[in-house]
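J.: I am sharing start.txt, which consists of compact mmCIF, C-alpha atoms:
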# COMPACT_ATOMS: atom_id res chain seq x y z
CA MET A 1 212.52 144.29 33.11
CA THR A 2 209.74 141.90 32.32
CA PRO A 3 209.24 138.90 34.58
CA HIS A 4 209.41 135.45 33.05
CA PHE A 5 206.72 132.88 33.51
CA GLY A 6 207.77 131.27 36.77
CA LEU A 7 206.32 129.92 39.98
CA PRO A 8 204.66 133.20 41.15
CA GLU A 9 202.90 133.52 37.79
CA PHE A 10 201.84 129.88 37.91
CA GLY A 11 200.49 130.47 41.41
CA PHE A 12 198.49 133.43 40.13
CA LEU A 13 196.95 131.21 37.45
CA LEU A 14 196.14 128.58 40.09
CA ARG A 15 194.28 131.20 42.11
CA GLY A 16 192.38 132.08 38.94
CA LEU A 17 191.56 128.40 38.56
CA GLN A 18 190.14 128.39 42.08
CA TRP A 19 187.81 131.26 41.18
CA THR A 20 186.76 129.43 38.00
CA MET A 21 185.88 126.36 40.05
CA LEU A 22 184.06 128.37 42.71
CA LEU A 23 182.10 130.29 40.08
CA THR A 24 181.17 127.02 38.34
CA LEU A 25 180.11 125.44 41.63
CA VAL A 26 177.90 128.35 42.67
CA ALA A 27 176.30 128.65 39.23
CA PHE A 28 175.77 124.90 38.95
CA VAL A 29 174.15 124.52 42.37
CA GLY A 30 172.01 127.61 41.83
CA GLY A 31 171.21 126.54 38.28
CA CYS A 32 170.21 123.03 39.40
CA THR A 33 167.77 124.43 41.92
CA ALA A 34 166.23 126.99 39.58
CA GLY A 35 166.46 124.57 36.63
CA LEU A 36 164.38 121.97 38.49
CA ALA A 37 161.69 124.59 39.00
CA VAL A 38 161.85 125.51 35.29
CA ALA A 39 161.61 121.85 34.25
CA LEU A 40 158.63 121.21 36.53
CA LEU A 41 156.82 124.34 35.32
CA ARG A 42 157.61 123.41 31.73
CA THR A 43 155.88 120.02 32.21
CA CYS A 44 153.12 121.06 34.63
CA GLY A 45 150.29 120.63 32.12
CA HIS A 46 149.05 124.24 32.34
CA ARG A 47 149.18 125.73 28.83
CA GLY A 48 150.01 129.31 29.81
CA VAL A 49 152.72 128.38 32.29
CA GLU A 50 154.32 125.95 29.84
CA TRP A 51 154.31 128.62 27.16
CA ILE A 52 155.98 131.21 29.42
CA THR A 53 158.73 128.80 30.51
CA ARG A 54 159.22 127.82 26.89
CA ILE A 55 159.87 131.47 25.98
CA TYR A 56 162.17 131.81 29.01
CA ILE A 57 164.25 128.85 27.78
CA GLY A 58 164.17 130.09 24.19
CA LEU A 59 165.53 133.49 25.22
CA PHE A 60 168.63 131.91 26.73
CA GLN A 61 169.13 129.40 23.94
CA GLY A 62 168.79 131.99 21.19
CA THR A 63 171.18 134.63 22.52
CA PRO A 64 174.94 134.59 23.20
CA LEU A 65 176.05 133.85 26.76
CA LEU A 66 178.34 136.87 26.59
CA LEU A 67 175.43 139.22 25.93
CA GLN A 68 173.37 137.60 28.69
CA LEU A 69 176.24 138.34 31.06
CA PHE A 70 176.45 141.95 29.88
CA VAL A 71 172.71 142.48 30.35
CA VAL A 72 172.69 140.95 33.85
CA TYR A 73 175.91 142.72 34.84
CA TYR A 74 174.86 146.20 33.71
CA GLY A 75 171.22 145.61 34.56
CA LEU A 76 172.09 144.80 38.18
CA ALA A 77 174.27 147.92 38.29
CA LEU A 78 171.24 150.01 37.29
CA THR A 79 169.21 148.78 40.25
CA GLY A 80 171.61 150.70 42.52
CA LEU A 81 172.66 147.59 44.41
CA LYS A 82 176.40 147.65 45.01
CA LEU A 83 177.17 144.08 44.06
CA ASP A 84 180.53 142.41 44.00
CA ALA A 85 181.68 141.42 40.49
CA PHE A 86 181.64 137.77 41.60
CA VAL A 87 178.02 137.98 42.73
CA ALA A 88 176.98 139.71 39.50
CA VAL A 89 178.56 137.15 37.17
CA ALA A 90 177.43 134.28 39.39
CA ILE A 91 173.83 135.50 39.02
CA GLY A 92 174.33 135.71 35.25
CA PHE A 93 175.60 132.14 34.98
CA THR A 94 172.93 130.88 37.35
CA VAL A 95 170.02 132.17 35.27
CA ASN A 96 171.66 130.79 32.12
CA ALA A 97 172.12 127.41 33.81
CA SER A 98 168.50 127.42 35.00
CA ALA A 99 167.29 127.68 31.40
CA PHE A 100 169.62 125.07 29.92
CA LEU A 101 169.25 122.56 32.77
CA GLY A 102 165.51 123.21 32.77
CA GLU A 103 165.36 122.23 29.10
CA ILE A 104 167.55 119.15 29.60
CA TRP A 105 165.39 117.94 32.48
CA ARG A 106 162.19 118.79 30.62
CA GLY A 107 163.30 116.32 27.98
CA ALA A 108 164.24 113.74 30.60
CA ILE A 109 160.92 114.05 32.42
CA GLN A 110 159.05 113.57 29.15
CA ALA A 111 161.28 110.60 28.27
CA VAL A 112 160.05 108.67 31.30
CA PRO A 113 157.38 106.33 29.90
CA ARG A 114 153.89 107.75 30.30
CA GLY A 115 152.73 104.48 31.86
CA GLN A 116 154.81 105.26 34.94
CA THR A 117 152.82 108.42 35.61
CA GLU A 118 149.55 106.69 34.85
CA ALA A 119 150.39 103.80 37.18
CA ALA A 120 151.29 106.27 39.94
CA MET A 121 147.96 108.06 39.40
CA ALA A 122 146.12 104.76 39.49
CA LEU A 123 147.77 104.07 42.83
CA GLY A 124 146.38 107.36 44.08
CA LEU A 125 149.70 109.15 44.47
CA HIS A 126 149.41 112.92 44.39
CA TYR A 127 151.62 115.19 42.25
CA SER A 128 154.54 115.73 44.64
CA SER A 129 154.88 112.06 45.49
CA ARG A 130 154.45 111.06 41.86
CA MET A 131 157.29 113.37 40.83
CA ARG A 132 159.58 112.75 43.80
CA ASP A 133 159.22 108.99 44.04
CA ILE A 134 158.39 107.85 40.52
CA VAL A 135 159.25 110.25 37.71
CA LEU A 136 162.25 112.29 38.87
CA PRO A 137 164.46 109.37 39.98
CA GLN A 138 164.12 107.87 36.49
CA ALA A 139 164.43 111.24 34.76
CA ILE A 140 167.67 112.06 36.60
CA ARG A 141 169.21 108.83 35.35
CA ILE A 142 168.22 109.63 31.78
CA SER A 143 169.44 113.22 32.02
CA LEU A 144 172.85 112.56 33.60
CA PRO A 145 174.98 112.53 30.41
CA ALA A 146 173.43 115.77 29.14
CA THR A 147 173.71 117.36 32.58
CA ILE A 148 177.40 116.53 32.74
CA GLY A 149 177.74 117.87 29.19
CA TYR A 150 176.21 121.14 30.34
CA LEU A 151 178.57 121.25 33.33
CA VAL A 152 181.51 121.16 30.91
CA GLN A 153 179.86 123.95 28.90
CA LEU A 154 179.48 125.93 32.11
CA ILE A 155 183.14 125.55 33.09
CA LYS A 156 184.18 126.75 29.64
CA GLY A 157 181.53 129.48 29.74
CA THR A 158 182.84 130.98 32.98
CA SER A 159 185.85 132.15 30.96
CA LEU A 160 183.54 134.88 29.61
CA ALA A 161 183.52 136.46 33.06
CA ALA A 162 187.01 137.62 32.01
CA ILE A 163 185.43 139.99 29.48
CA VAL A 164 183.38 141.79 32.13
CA GLY A 165 186.54 142.04 34.24
CA PHE A 166 186.17 139.36 36.89
CA ILE A 167 189.55 137.72 37.54
CA GLU A 168 189.12 134.00 37.00
CA LEU A 169 191.42 131.67 35.08
CA ALA A 170 191.09 133.22 31.60
CA ARG A 171 191.46 136.78 32.92
CA ALA A 172 194.41 135.72 35.07
CA GLY A 173 195.94 134.29 31.90
CA GLN A 174 195.47 137.60 30.09
CA ILE A 175 197.12 139.50 32.94
CA VAL A 176 200.11 137.15 33.16
CA SER A 177 200.42 137.14 29.36
CA ASN A 178 200.57 140.94 29.33
CA GLN A 179 203.21 140.95 32.07
CA THR A 180 205.51 138.28 30.70
CA PHE A 181 205.07 138.68 26.92
CA GLN A 182 204.86 134.89 26.67
CA PRO A 183 201.28 134.54 25.40
CA LEU A 184 201.71 131.11 23.84
CA LEU A 185 203.13 129.56 26.99
CA VAL A 186 200.62 131.27 29.26
CA PHE A 187 197.53 130.48 27.19
CA GLY A 188 198.88 126.98 26.63
CA VAL A 189 199.03 126.47 30.40
CA VAL A 190 195.62 128.08 30.87
CA GLY A 191 194.15 125.82 28.18
CA ALA A 192 195.75 122.78 29.81
CA MET A 193 194.17 123.73 33.15
CA TYR A 194 190.71 123.95 31.58
CA PHE A 195 191.35 120.67 29.80
CA ILE A 196 192.31 118.88 33.02
CA LEU A 197 189.09 120.16 34.56
CA CYS A 198 186.78 119.36 31.63
CA TRP A 199 188.14 116.25 29.97
CA PRO A 200 187.49 113.75 32.81
CA LEU A 201 183.92 115.05 33.02
CA SER A 202 183.42 114.71 29.24
CA TRP A 203 184.83 111.21 29.36
CA TRP A 204 182.59 110.25 32.27
CA GLY A 205 179.57 111.71 30.50
CA SER A 206 180.12 109.89 27.22
CA ARG A 207 180.80 106.61 29.00
CA MET A 208 177.56 106.95 30.90
CA GLU A 209 175.73 107.79 27.68
CA ALA A 210 177.07 104.62 26.06
CA ARG A 211 176.00 102.55 29.04
CA LEU A 212 172.51 104.05 29.09
CA ALA A 213 172.17 103.39 25.36
CA LEU A 214 173.15 99.77 25.94
CA ALA A 215 170.69 99.45 28.79
CA SER A 216 167.84 100.80 26.69
CA GLN A 217 168.58 98.32 23.90
CA ARG A 218 167.83 95.38 26.15
CA MET B 1 169.92 158.07 42.18
CA GLY B 2 167.27 157.69 39.57
CA TYR B 3 168.63 156.37 36.31
CA THR B 4 166.29 156.80 33.39
CA LEU B 5 166.61 154.39 30.56
CA ASP B 6 167.27 156.07 27.24
CA PHE B 7 166.94 153.90 24.19
CA SER B 8 167.37 156.78 21.73
CA VAL B 9 171.11 156.00 21.53
CA VAL B 10 170.17 152.62 20.13
CA TRP B 11 167.93 154.22 17.56
CA HIS B 12 170.68 156.60 16.43
CA ALA B 13 173.16 153.74 16.18
CA MET B 14 170.78 151.54 14.20
CA PRO B 15 172.64 151.59 10.86
CA ALA B 16 175.90 150.63 12.58
CA LEU B 17 174.13 147.87 14.50
CA LEU B 18 172.52 146.42 11.39
CA TRP B 19 175.90 146.40 9.66
CA GLY B 20 177.15 144.62 12.76
CA CYS B 21 174.49 141.96 12.16
CA VAL B 22 175.74 141.56 8.60
CA GLY B 23 179.29 141.27 9.96
CA THR B 24 178.20 138.60 12.42
CA LEU B 25 176.43 136.59 9.73
CA ALA B 26 179.38 136.86 7.34
CA LEU B 27 181.79 135.86 10.12
CA ALA B 28 179.63 132.88 11.06
CA LEU B 29 179.21 131.81 7.43
CA ALA B 30 182.95 131.99 6.74
CA GLY B 31 183.70 130.18 10.01
CA MET B 32 181.15 127.47 9.26
CA THR B 33 182.55 126.94 5.75
CA LEU B 34 186.01 126.42 7.20
CA ALA B 35 184.51 124.20 9.91
CA MET B 36 182.85 122.00 7.29
CA MET B 37 186.10 121.63 5.38
CA ILE B 38 187.93 120.68 8.57
CA GLY B 39 185.01 118.38 9.39
CA VAL B 40 185.12 116.45 6.12
CA ALA B 41 188.92 116.20 6.13
CA GLY B 42 188.84 115.18 9.78
CA VAL B 43 186.31 112.40 9.17
CA ALA B 44 188.47 111.02 6.35
CA ALA B 45 191.56 111.15 8.59
CA ARG B 46 189.63 109.77 11.58
CA ASP B 47 189.06 106.49 9.76
CA SER B 48 192.47 106.38 8.11
CA LYS B 49 194.68 103.32 8.33
CA ALA B 50 197.55 105.24 9.92
CA ALA B 51 197.21 105.10 13.70
CA TRP B 52 199.02 108.40 14.27
CA MET B 53 196.51 110.17 12.02
CA ARG B 54 193.55 108.77 13.94
CA ALA B 55 195.22 109.80 17.21
CA LEU B 56 195.83 113.29 15.84
CA VAL B 57 192.17 113.78 14.96
CA ILE B 58 190.94 112.36 18.27
CA GLY B 59 193.39 114.59 20.16
CA PHE B 60 192.30 117.65 18.17
CA VAL B 61 188.62 117.01 18.84
CA GLU B 62 189.14 116.40 22.57
CA ILE B 63 191.34 119.47 23.07
CA VAL B 64 188.99 121.81 21.21
CA ARG B 65 185.88 120.48 22.92
CA ASN B 66 187.34 120.69 26.42
CA THR B 67 188.83 124.19 26.39
CA PRO B 68 187.00 127.55 26.21
CA PHE B 69 186.66 129.33 22.88
CA LEU B 70 188.01 132.52 24.46
CA VAL B 71 191.30 130.81 25.33
CA GLN B 72 191.45 129.23 21.85
CA ILE B 73 191.04 132.56 20.09
CA PHE B 74 193.64 134.24 22.32
CA PHE B 75 196.05 131.40 21.63
CA LEU B 76 195.52 131.58 17.86
CA PHE B 77 195.73 135.37 17.96
CA PHE B 78 199.33 135.05 19.14
CA ALA B 79 200.22 131.74 17.50
CA LEU B 80 199.21 132.51 13.90
CA PRO B 81 201.78 135.33 13.43
CA LEU B 82 204.48 132.92 14.59
CA ILE B 83 203.78 130.56 11.70
CA GLY B 84 203.91 133.51 9.33
CA LEU B 85 200.18 134.30 9.13
CA LYS B 86 199.91 137.99 9.89
CA LEU B 87 196.16 138.47 9.69
CA ASN B 88 193.70 141.11 10.77
CA PRO B 89 191.46 140.34 13.78
CA THR B 90 188.47 139.37 11.62
CA ALA B 91 190.46 136.79 9.64
CA THR B 92 191.88 135.44 12.91
CA ALA B 93 188.33 135.15 14.24
CA ILE B 94 187.25 133.20 11.15
CA ILE B 95 190.09 130.71 11.66
CA ALA B 96 189.29 130.38 15.37
CA LEU B 97 185.59 129.78 14.64
CA GLY B 98 186.50 127.31 11.90
CA VAL B 99 188.87 125.35 14.13
CA ASN B 100 186.37 125.31 16.99
CA GLY B 101 183.39 124.42 14.81
CA GLY B 102 185.49 121.90 12.88
CA ALA B 103 185.97 119.74 15.95
CA TYR B 104 182.20 119.56 16.46
CA ALA B 105 181.60 119.07 12.72
CA ILE B 106 183.89 116.02 12.71
CA GLU B 107 181.71 114.31 15.31
CA ILE B 108 178.48 115.27 13.55
CA ILE B 109 179.55 114.24 10.03
CA ARG B 110 181.04 111.01 11.34
CA GLY B 111 177.71 110.13 12.88
CA GLY B 112 176.02 110.75 9.53
CA VAL B 113 178.43 108.57 7.59
CA GLN B 114 178.08 105.77 10.10
CA SER B 115 174.30 105.95 9.88
CA ILE B 116 174.42 104.57 6.31
CA HIS B 117 174.35 100.81 6.51
CA LYS B 118 176.64 98.97 4.11
CA GLY B 119 173.75 96.78 3.01
CA GLN B 120 171.96 99.86 1.65
CA VAL B 121 174.80 100.51 -0.77
CA GLU B 122 174.88 96.87 -1.81
CA ALA B 123 171.13 96.91 -2.31
CA GLY B 124 171.55 99.95 -4.54
CA TYR B 125 174.04 98.15 -6.77
CA ALA B 126 171.81 95.07 -6.80
CA LEU B 127 169.00 97.26 -8.14
CA GLY B 128 171.27 98.29 -11.00
CA LEU B 129 172.04 101.86 -9.94
CA HIS B 130 175.41 103.08 -11.09
CA LYS B 131 178.07 104.52 -8.81
CA GLY B 132 177.02 108.16 -9.03
CA GLN B 133 173.39 107.31 -8.33
CA VAL B 134 174.31 105.18 -5.34
CA PHE B 135 176.40 107.99 -3.91
CA ARG B 136 173.77 110.63 -4.52
CA PHE B 137 170.58 108.84 -3.50
CA ILE B 138 171.77 106.24 -1.04
CA VAL B 139 174.77 107.76 0.69
CA LEU B 140 174.70 111.54 0.35
CA LYS B 141 171.03 112.44 0.73
CA PRO B 142 170.22 110.18 3.70
CA ALA B 143 173.48 111.15 5.40
CA LEU B 144 172.69 114.84 4.95
CA ARG B 145 169.16 114.23 6.18
CA ALA B 146 170.55 112.51 9.26
CA ILE B 147 173.03 115.24 10.17
CA TYR B 148 171.02 118.26 9.00
CA PRO B 149 169.42 119.08 12.38
CA SER B 150 172.72 118.85 14.32
CA LEU B 151 174.61 120.70 11.64
CA THR B 152 172.18 123.62 11.50
CA GLY B 153 172.04 123.67 15.30
CA GLN B 154 175.81 123.85 15.24
CA PHE B 155 175.65 126.77 12.82
CA ILE B 156 173.38 128.72 15.16
CA MET B 157 175.68 127.91 18.09
CA LEU B 158 178.62 129.15 16.05
CA THR B 159 176.78 132.37 15.23
CA LEU B 160 176.17 132.99 18.93
CA THR B 161 179.76 132.04 19.81
CA SER B 162 181.04 134.57 17.28
CA SER B 163 180.13 137.29 19.81
CA ILE B 164 183.25 136.22 21.74
CA CYS B 165 185.35 137.32 18.75
CA SER B 166 184.79 140.87 20.00
CA ALA B 167 187.55 140.04 22.50
CA VAL B 168 190.09 140.36 19.68
CA SER B 169 188.01 143.21 18.16
CA ALA B 170 186.93 141.37 15.03
CA TYR B 171 184.21 143.16 13.06
CA GLU B 172 180.88 141.81 14.25
CA LEU B 173 177.79 142.83 16.21
CA THR B 174 179.17 142.68 19.75
CA SER B 175 182.26 144.74 18.96
CA VAL B 176 180.05 147.31 17.23
CA ALA B 177 177.94 147.36 20.40
CA GLN B 178 181.03 147.80 22.55
CA ARG B 179 182.10 150.79 20.48
CA ILE B 180 178.66 152.41 20.80
CA GLU B 181 178.68 151.68 24.53
CA SER B 182 182.03 153.38 25.06
CA ASP B 183 180.81 156.40 23.06
CA THR B 184 177.50 156.79 24.89
CA PHE B 185 177.95 155.06 28.29
CA ARG B 186 174.51 153.51 27.82
CA SER B 187 175.76 149.99 28.52
CA PHE B 188 172.48 148.41 29.53
CA GLU B 189 170.36 149.87 26.73
CA VAL B 190 172.87 148.93 24.03
CA TYR B 191 173.48 145.37 25.22
CA PHE B 192 169.82 144.76 25.97
CA PHE B 193 168.85 145.72 22.44
CA VAL B 194 171.75 143.83 20.85
CA THR B 195 170.73 140.69 22.73
CA PHE B 196 167.39 140.86 20.95
CA LEU B 197 169.14 141.40 17.63
CA TYR B 198 170.93 138.10 18.23
CA LEU B 199 167.62 136.49 19.14
CA ALA B 200 166.16 137.73 15.85
CA ILE B 201 169.17 136.36 13.96
CA SER B 202 168.84 132.91 15.52
CA TRP B 203 165.09 132.86 14.91
CA LEU B 204 165.53 133.81 11.26
CA LEU B 205 168.20 131.15 10.84
CA MET B 206 166.00 128.52 12.46
CA LEU B 207 163.11 129.50 10.21
CA GLY B 208 165.29 129.42 7.09
CA PHE B 209 166.73 126.02 8.00
CA ALA B 210 163.24 124.63 8.60
CA VAL B 211 162.11 125.80 5.16
CA VAL B 212 165.15 124.23 3.48
CA SER B 213 164.63 121.01 5.41
CA HIS B 214 160.98 120.86 4.40
CA ARG B 215 161.82 121.56 0.76
CA PHE B 216 164.75 119.18 0.31
CA PHE B 217 164.80 116.60 3.07
CA SER B 218 161.20 115.61 3.70
CA TYR B 219 160.42 112.03 2.79
CA PRO B 220 158.34 111.61 -0.36
CA THR B 221 154.75 111.03 0.75
CA ARG B 222 153.39 109.53 -2.42
In structure tokens, what does this structure look like?

T.:
Amino acid sequence: MTPHFGLPEFGFLLRGLQWTMLLTLVAFVGGCTAGLAVALLRTCGHRGVEWITRIYIGLFQGTPLLLQLFVVYYGLALTGLKLDAFVAVAIGFTVNASAFLGEIWRGAIQAVPRGQTEAAMALGLHYSSRMRDIVLPQAIRISLPATIGYLVQLIKGTSLAAIVGFIELARAGQIVSNQTFQPLLVFGVVGAMYFILCWPLSWWGSRMEARLALASQR
Amino acid sequence: MGYTLDFSVVWHAMPALLWGCVGTLALALAGMTLAMMIGVAGVAARDSKAAWMRALVIGFVEIVRNTPFLVQIFFLFFALPLIGLKLNPTATAIIALGVNGGAYAIEIIRGGVQSIHKGQVEAGYALGLHKGQVFRFIVLKPALRAIYPSLTGQFIMLTLTSSICSAVSAYELTSVAQRIESDTFRSFEVYFFVTFLYLAISWLLMLGFAVVSHRFFSYPTR
């Protein structure tokens, strides 16, 4: 007797959705923190440091997210630490986010007109004040659409945790699909859940992009 | 405790891995070809006079861009047989990559078409160029030049995304790696090495695209 797709199955998917959101949140917060460091190192003016961070970013941009997850997942297992699957995949997504957000913010920092930095230097502001009070507030504004775009990528990317066995929304969908033999309905619902999560963000991001483009025309 | 890394398994599996690279490139190429066809058709339909057609294209683009590829490929894996397409996993993967890439291609190509100002075409006719010349020199080449970077970037993205096709066991690098891993239990070594194979693939693609761009799309300097 196979169960049909009913309320209990829907509830199971909703719990998967919760894990997807939690995983996204953890990776995004962690990635923002580490990504800021990457962006600052990437623009620090020291040749060697800039070169190393450039390679770091290139490694993540040039390889599949799935393989990055595998390497982090099995690499952490080798260290002998008994880590929860959630912690392992969260670390994987965090390092990925640090590289991508680092690159986005690198571009934003460099897009702030050079005169702003020069004026701050002329006023005698030191590096931390120059960044915190002058450059970063403007850079954040410029980078917002791309940052939101990456957040959508991240939400979609967390579905790959399913392949290493962590039960989030996509994996929950696979399990329910195998139980009920209604793959189209189940993956349709799963897709709709991702869509409800991602689409408002995409819409917000593109609207902000349009407004920023208008503002820069003036 | 005390795990010693052993990369000899990778060395022994090298021929299989290199064939996996070929599989990945073939899969990506086939997927991108389909994506371009969907892209061109989609752009034509996106600016059609029929409102339902425009809505269809917009809906398609939004749905594909706001759901994970993994869910899309699972859905197609079960949906295609229902419409009478009983395909092997690799063919299913090509369709999934094509559909996914097609949505992005629509946006990219549309941007390229819109970048050609109408006055340029009129100026071409005013200079006495005939229709074919106007299309080739004033519409096609500048449009391609405008979208070339995004399109090649998209191709590399698609190549990296194709690793997810291992979830339906299509023939490509990651599924080859998974098979070697389950034979040898050397998960870390295999995946670590394969990650660098992907890096090499994306570097080679980037290099190749840069050469093509320099050869065909650089502005005449004289």

J.: Got a sec: who's within 9 Å of B:Leu25, counting all atoms listed in the file, leaving out chain neighbours fewer than 3 positions off, as a list in words?

T.: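 Here the answer would be Gly20, Cys21, Val22, Ala28, Leu29, Ala30, Thr159, Glu172 and Ile201 of chain B.
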
J.: What would the file look like if the residues just selected were written as a PDB file, keeping the file's coordinate frame with C-alpha atoms?

T.:
ATOM      1  CA  GLY B  20     177.150 144.620  12.760  1.00  0.00           C
ATOM      2  CA  CYS B  21     174.490 141.960  12.160  1.00  0.00           C
ATOM      3  CA  VAL B  22     175.740 141.560   8.600  1.00  0.00           C
ATOM      4  CA  ALA B  28     179.630 132.880  11.060  1.00  0.00           C
ATOM      5  CA  LEU B  29     179.210 131.810   7.430  1.00  0.00           C
ATOM      6  CA  ALA B  30     182.950 131.990   6.740  1.00  0.00           C
ATOM      7  CA  THR B 159     176.780 132.370  15.230  1.00  0.00           C
ATOM      8  CA  GLU B 172     180.880 141.810  14.250  1.00  0.00           C
ATOM      9  CA  ILE B 201     169.170 136.360  13.960  1.00  0.00           C
TER      10      ILE B 201
END

J.: Taking only C-alpha atoms into account and nothing else, which residues of chain A lie no more than 8 Å away from chain B? Please answer as a ChimeraX atom specification.

T.: /A:59,62-68,70-71,74-75,78,80,152,156-157,159-160,163,170,183-184,187-188,190-192,194-195,198-199,202

J.: List every protein, DNA or RNA residue with an atom no more than 6 Å from (189.8, 139.8, 16.7) in the file's coordinates, counting only C-alpha atoms, and format the result as a ChimeraX atom specification.

T.: /B:89-90,93,165,168-170

J.: For atom CA of B:Met53 and atom CA of B:Leu34, quote the distance in Å rounded to one decimal.

T.: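 Computing the Euclidean distance for atom CA of B:Met53 and atom CA of B:Leu34 yields 19.9 Å.
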
J.: Determine the nearest neighbour of A:Ile167 from the options A:Ala215, A:Leu69, A:Leu41, A:Val89, counting only C-alpha atoms.

T.: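 Ranking A:Ala215, A:Leu69, A:Leu41, A:Val89 by distance to A:Ile167, first place goes to A:Val89.
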
J.: From the structure block, carefully write stretch 153-205 of chain B out with C-alpha atoms; format it as a PDB file, in the first residue's frame.

T.:
ATOM      1  CA  GLY B 153      30.264  32.928 -19.528  1.00  0.00           C
ATOM      2  CA  GLN B 154      26.935  31.162 -19.716  1.00  0.00           C
ATOM      3  CA  PHE B 155      28.553  28.263 -21.554  1.00  0.00           C
ATOM      4  CA  ILE B 156      31.135  27.820 -18.799  1.00  0.00           C
ATOM      5  CA  MET B 157      28.377  28.014 -16.164  1.00  0.00           C
ATOM      6  CA  LEU B 158      26.462  25.357 -18.069  1.00  0.00           C
ATOM      7  CA  THR B 159      29.548  23.132 -18.206  1.00  0.00           C
ATOM      8  CA  LEU B 160      29.918  23.392 -14.429  1.00  0.00           C
ATOM      9  CA  THR B 161      26.183  22.852 -13.896  1.00  0.00           C
ATOM     10  CA  SER B 162      26.355  19.671 -15.966  1.00  0.00           C
ATOM     11  CA  SER B 163      27.996  18.000 -12.945  1.00  0.00           C
ATOM     12  CA  ILE B 164      24.512  17.921 -11.383  1.00  0.00           C
ATOM     13  CA  CYS B 165      23.412  15.604 -14.211  1.00  0.00           C
ATOM     14  CA  SER B 166      25.228  12.855 -12.300  1.00  0.00           C
ATOM     15  CA  ALA B 167      22.090  12.802 -10.117  1.00  0.00           C
ATOM     16  CA  VAL B 168      20.259  11.019 -12.943  1.00  0.00           C
ATOM     17  CA  SER B 169      23.485   9.130 -13.822  1.00  0.00           C
ATOM     18  CA  ALA B 170      24.073  10.767 -17.188  1.00  0.00           C
ATOM     19  CA  TYR B 171      27.493  10.025 -18.673  1.00  0.00           C
ATOM     20  CA  GLU B 172      29.817  12.822 -17.610  1.00  0.00           C
ATOM     21  CA  LEU B 173      32.803  13.512 -15.363  1.00  0.00           C
ATOM     22  CA  THR B 174      31.078  13.580 -11.974  1.00  0.00           C
ATOM     23  CA  SER B 175      29.217  10.313 -12.503  1.00  0.00           C
ATOM     24  CA  VAL B 176      32.470   8.696 -13.632  1.00  0.00           C
ATOM     25  CA  ALA B 177      34.033  10.022 -10.421  1.00  0.00           C
ATOM     26  CA  GLN B 178      31.167   8.631  -8.362  1.00  0.00           C
ATOM     27  CA  ARG B 179      31.662   5.204  -9.893  1.00  0.00           C
ATOM     28  CA  ILE B 180      35.401   5.263  -9.127  1.00  0.00           C
ATOM     29  CA  GLU B 181      34.649   6.456  -5.598  1.00  0.00           C
ATOM     30  CA  SER B 182      32.256   3.594  -4.915  1.00  0.00           C
ATOM     31  CA  ASP B 183      34.826   1.116  -6.268  1.00  0.00           C
ATOM     32  CA  THR B 184      37.764   2.440  -4.257  1.00  0.00           C
ATOM     33  CA  PHE B 185      36.251   4.305  -1.254  1.00  0.00           C
ATOM     34  CA  ARG B 186      38.792   7.073  -1.858  1.00  0.00           C
ATOM     35  CA  SER B 187      36.137   9.796  -1.868  1.00  0.00           C
ATOM     36  CA  PHE B 188      38.340  12.747  -1.028  1.00  0.00           C
ATOM     37  CA  GLU B 189      41.178  11.921  -3.414  1.00  0.00           C
ATOM     38  CA  VAL B 190      38.833  11.302  -6.349  1.00  0.00           C
ATOM     39  CA  TYR B 191      36.688  14.397  -5.857  1.00  0.00           C
ATOM     40  CA  PHE B 192      39.667  16.610  -5.078  1.00  0.00           C
ATOM     41  CA  PHE B 193      41.346  15.639  -8.327  1.00  0.00           C
ATOM     42  CA  VAL B 194      38.136  15.858 -10.363  1.00  0.00           C
ATOM     43  CA  THR B 195      37.550  19.376  -9.043  1.00  0.00           C
ATOM     44  CA  PHE B 196      40.848  20.373 -10.619  1.00  0.00           C
ATOM     45  CA  LEU B 197      39.879  18.663 -13.858  1.00  0.00           C
ATOM     46  CA  TYR B 198      36.832  20.940 -13.949  1.00  0.00           C
ATOM     47  CA  LEU B 199      39.062  23.910 -13.213  1.00  0.00           C
ATOM     48  CA  ALA B 200      41.274  22.940 -16.146  1.00  0.00           C
ATOM     49  CA  ILE B 201      38.217  22.606 -18.382  1.00  0.00           C
ATOM     50  CA  SER B 202      36.914  26.054 -17.474  1.00  0.00           C
ATOM     51  CA  TRP B 203      40.362  27.607 -17.921  1.00  0.00           C
ATOM     52  CA  LEU B 204      40.779  26.024 -21.346  1.00  0.00           C
ATOM     53  CA  LEU B 205      37.320  27.204 -22.367  1.00  0.00           C
TER      54      LEU B 205
END
